[in-house]
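Notes follow the structure.
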Amino acid sequence: MSTDQAPVKNGVASTATHAHHMLGQRLKSLRLGRRLSLRELAELTGTSASFISQLERGLTGASTASLNQMASALGVSVAMLFEDSAAGQRGVLLRSERPSLPPSDGCRKMLLSRPPLSDMEVYIGEFDIGGSTGPALYTHGDAHEMLVVLRGIVEVSLGDVRHVLEEGDSIEYATSTAHRSENIGSGRAEVMWIIAPPTSVRAELDQYRAWKPLAAR
């Protein structure tokens, strides 16, 4: 009798094989979304490219320590490594349930994308009159970013160049370019940021919490 496979007892072996396969698919999807090679992920996690390759093909399992390292490197929780991406219909996100950072500099930033992020991340920013993303220009990673003005008048600074955008206008730039946004209109402003691939890490995403709508709209 062949010994290539462990005997199935009450479906345990087949269940384990399915779990390995699903983990492998999820891991590969997240790795490619982060634009990481097998070697790069191996270096981040202290493992080997061959081990990760086997893991992605469902040929082996991983220890809890290895899974923790991979989840941290990919910016997700360990539980998210086991989510069935085929079941990825996570439904409607109501405006009242948008995860948000605490308001800062007259701006409230909300996360629309559902973690784990793989291909892109999407945010909404609401600015009070004179509100901004902060006093200084900033950068994050080396990805492609689009800002769309949904309401109001917003000044977007890219290095020393300033662009005034009105409702419906958009602008694209590299996230490695120092940038800043400010509401220069006479009313509340709202923008959407679309970033691909994602640049946020798990620790940053974990700061977003459910928020209550602002009284004035």
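By order of appearance in the structure tokens: chains A, B, ..., then residues from 1 within every chain, and ligands from 1 in the order shown.
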Backbone-only DSSP, strand (DSSP E or B) members of chain A, as a VMD selection string: chain A and resid 99 to 100 104 107 to 111 121 to 127 132 138 144 to 151 153 to 158 161 to 166 170 to 174 179 to 183 189 to 196 209 to 210
Just the selected residues (C-alpha atoms), exported as a short mmCIF file (atom, residue, chain, number, x, y, z; two decimals), in the first residue's frame, please.
data_model
loop_
_atom_site.label_atom_id
_atom_site.label_comp_id
_atom_site.auth_asym_id
_atom_site.auth_seq_id
_atom_site.Cartn_x
_atom_site.Cartn_y
_atom_site.Cartn_z
CA PRO A 99 -13.75 52.68 10.92
CA SER A 100 -12.05 56.00 11.63
CA SER A 104 -6.69 65.54 13.86
CA CYS A 107 -9.56 66.10 9.38
CA ARG A 108 -11.28 62.78 10.01
CA LYS A 109 -9.87 59.87 8.01
CA MET A 110 -12.01 56.76 7.49
CA LEU A 111 -11.12 53.34 6.10
CA GLU A 121 -6.74 50.52 0.01
CA VAL A 122 -9.45 53.19 -0.03
CA TYR A 123 -10.04 56.00 2.46
CA ILE A 124 -12.45 58.90 2.90
CA GLY A 125 -11.27 62.19 4.41
CA GLU A 126 -13.63 64.80 5.85
CA PHE A 127 -12.13 68.25 6.41
CA SER A 132 -5.72 69.46 6.57
CA TYR A 138 4.42 63.36 4.16
CA HIS A 144 0.25 54.79 -6.82
CA GLU A 145 -2.26 57.15 -5.18
CA MET A 146 -5.33 58.94 -6.51
CA LEU A 147 -7.18 61.69 -4.65
CA VAL A 148 -10.73 62.52 -5.73
CA VAL A 149 -12.55 65.58 -4.38
CA LEU A 150 -16.09 64.58 -3.48
CA ARG A 151 -17.11 67.93 -2.01
CA ILE A 153 -12.35 72.94 -2.61
CA VAL A 154 -9.09 71.24 -1.69
CA GLU A 155 -5.50 72.31 -2.23
CA VAL A 156 -3.14 69.39 -2.85
CA SER A 157 0.57 70.08 -2.46
CA LEU A 158 3.05 67.82 -4.26
CA VAL A 161 3.76 72.49 -6.51
CA ARG A 162 0.21 73.28 -5.38
CA HIS A 163 -2.99 72.22 -7.13
CA VAL A 164 -6.46 73.59 -6.35
CA LEU A 165 -9.14 70.97 -6.96
CA GLU A 166 -12.91 71.34 -6.87
CA SER A 170 -8.86 64.25 -9.17
CA ILE A 171 -5.09 63.99 -9.07
CA GLU A 172 -2.63 61.07 -9.19
CA TYR A 173 0.89 60.82 -7.78
CA ALA A 174 3.41 58.44 -6.26
CA HIS A 179 2.23 65.51 -0.34
CA ARG A 180 -0.39 67.29 1.76
CA SER A 181 -4.09 68.18 1.42
CA GLU A 182 -5.97 71.16 2.87
CA ASN A 183 -9.54 72.44 2.71
CA ALA A 189 -14.72 69.28 2.19
CA GLU A 190 -14.60 65.56 1.50
CA VAL A 191 -12.07 63.52 -0.48
CA MET A 192 -11.37 59.91 -1.36
CA TRP A 193 -7.89 58.37 -1.45
CA ILE A 194 -7.24 55.22 -3.50
CA ILE A 195 -3.82 53.60 -3.07
CA ALA A 196 -2.46 50.59 -4.96
CA ARG A 209 -12.29 52.15 15.08
CA ALA A 210 -16.03 52.51 14.47
#
Shell around Ser37 of chain A at 10 Å using only C-alpha atoms, local window under 5 positions removed, as a count of residues only: 6
Pairwise distance for atom CA of Val78 of chain A and atom CA of Glu56 of chain A, rounded to one decimal in Å: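 Those two atoms sit 15.2 Å apart.
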d(atom CA of Gln54 of chain A, atom CA of Gly24 of chain A) in Å: 8.3 Å
Pick from A:Ile184, A:Ala79, A:Leu27, A:Leu74 nearest to Ala203 of chain A, counting only C-alpha atoms: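 Selected residue with least distance to Ala203 of chain A: A:Leu74.
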Selection: 7 Å around Ser176 of chain A, only C-alpha atoms, excl. self and same-chain fewer than 4 positions, as a PyMOL selection string: chain A and resi 139-142
Would you save the residues from that selection as a PDB file, in the first residue's frame, using N, CA, C and O atoms?
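Below is the file that was written, again.pdb:
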ATOM      1  N   THR A 139       5.154  61.270   3.209  1.00  0.00           N
ATOM      2  CA  THR A 139       5.242  60.198   2.212  1.00  0.00           C
ATOM      3  C   THR A 139       4.889  58.881   2.890  1.00  0.00           C
ATOM      4  O   THR A 139       4.903  58.776   4.115  1.00  0.00           O
ATOM      5  N   HIS A 140       4.565  57.874   2.097  1.00  0.00           N
ATOM      6  CA  HIS A 140       4.300  56.537   2.637  1.00  0.00           C
ATOM      7  C   HIS A 140       4.489  55.503   1.540  1.00  0.00           C
ATOM      8  O   HIS A 140       3.719  55.429   0.595  1.00  0.00           O
ATOM      9  N   GLY A 141       5.544  54.699   1.660  1.00  0.00           N
ATOM     10  CA  GLY A 141       5.790  53.632   0.706  1.00  0.00           C
ATOM     11  C   GLY A 141       6.129  54.152  -0.684  1.00  0.00           C
ATOM     12  O   GLY A 141       6.537  55.301  -0.879  1.00  0.00           O
ATOM     13  N   ASP A 142       5.934  53.290  -1.672  1.00  0.00           N
ATOM     14  CA  ASP A 142       6.202  53.637  -3.075  1.00  0.00           C
ATOM     15  C   ASP A 142       5.118  53.010  -3.927  1.00  0.00           C
ATOM     16  O   ASP A 142       5.332  52.035  -4.644  1.00  0.00           O
TER      17      ASP A 142
END
Distance query Arg202 of chain A at most 8 Å, only C-alpha atoms, self and fewer than 4 positions along chain excluded, as a PyMOL selection string: chain A and resi 72+74-77+206
Between atom CA of Asp105 of chain A and atom CA of Val201 of chain A, distance in Å (one decimal):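 That distance, rounded to one decimal, is 22.4 Å.
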Residue list (alpha helix (DSSP H), DSSP) for segment 42-108 of chain A, as a ChimeraX atom specification: /A:42-45,49-56,64-74,78-81
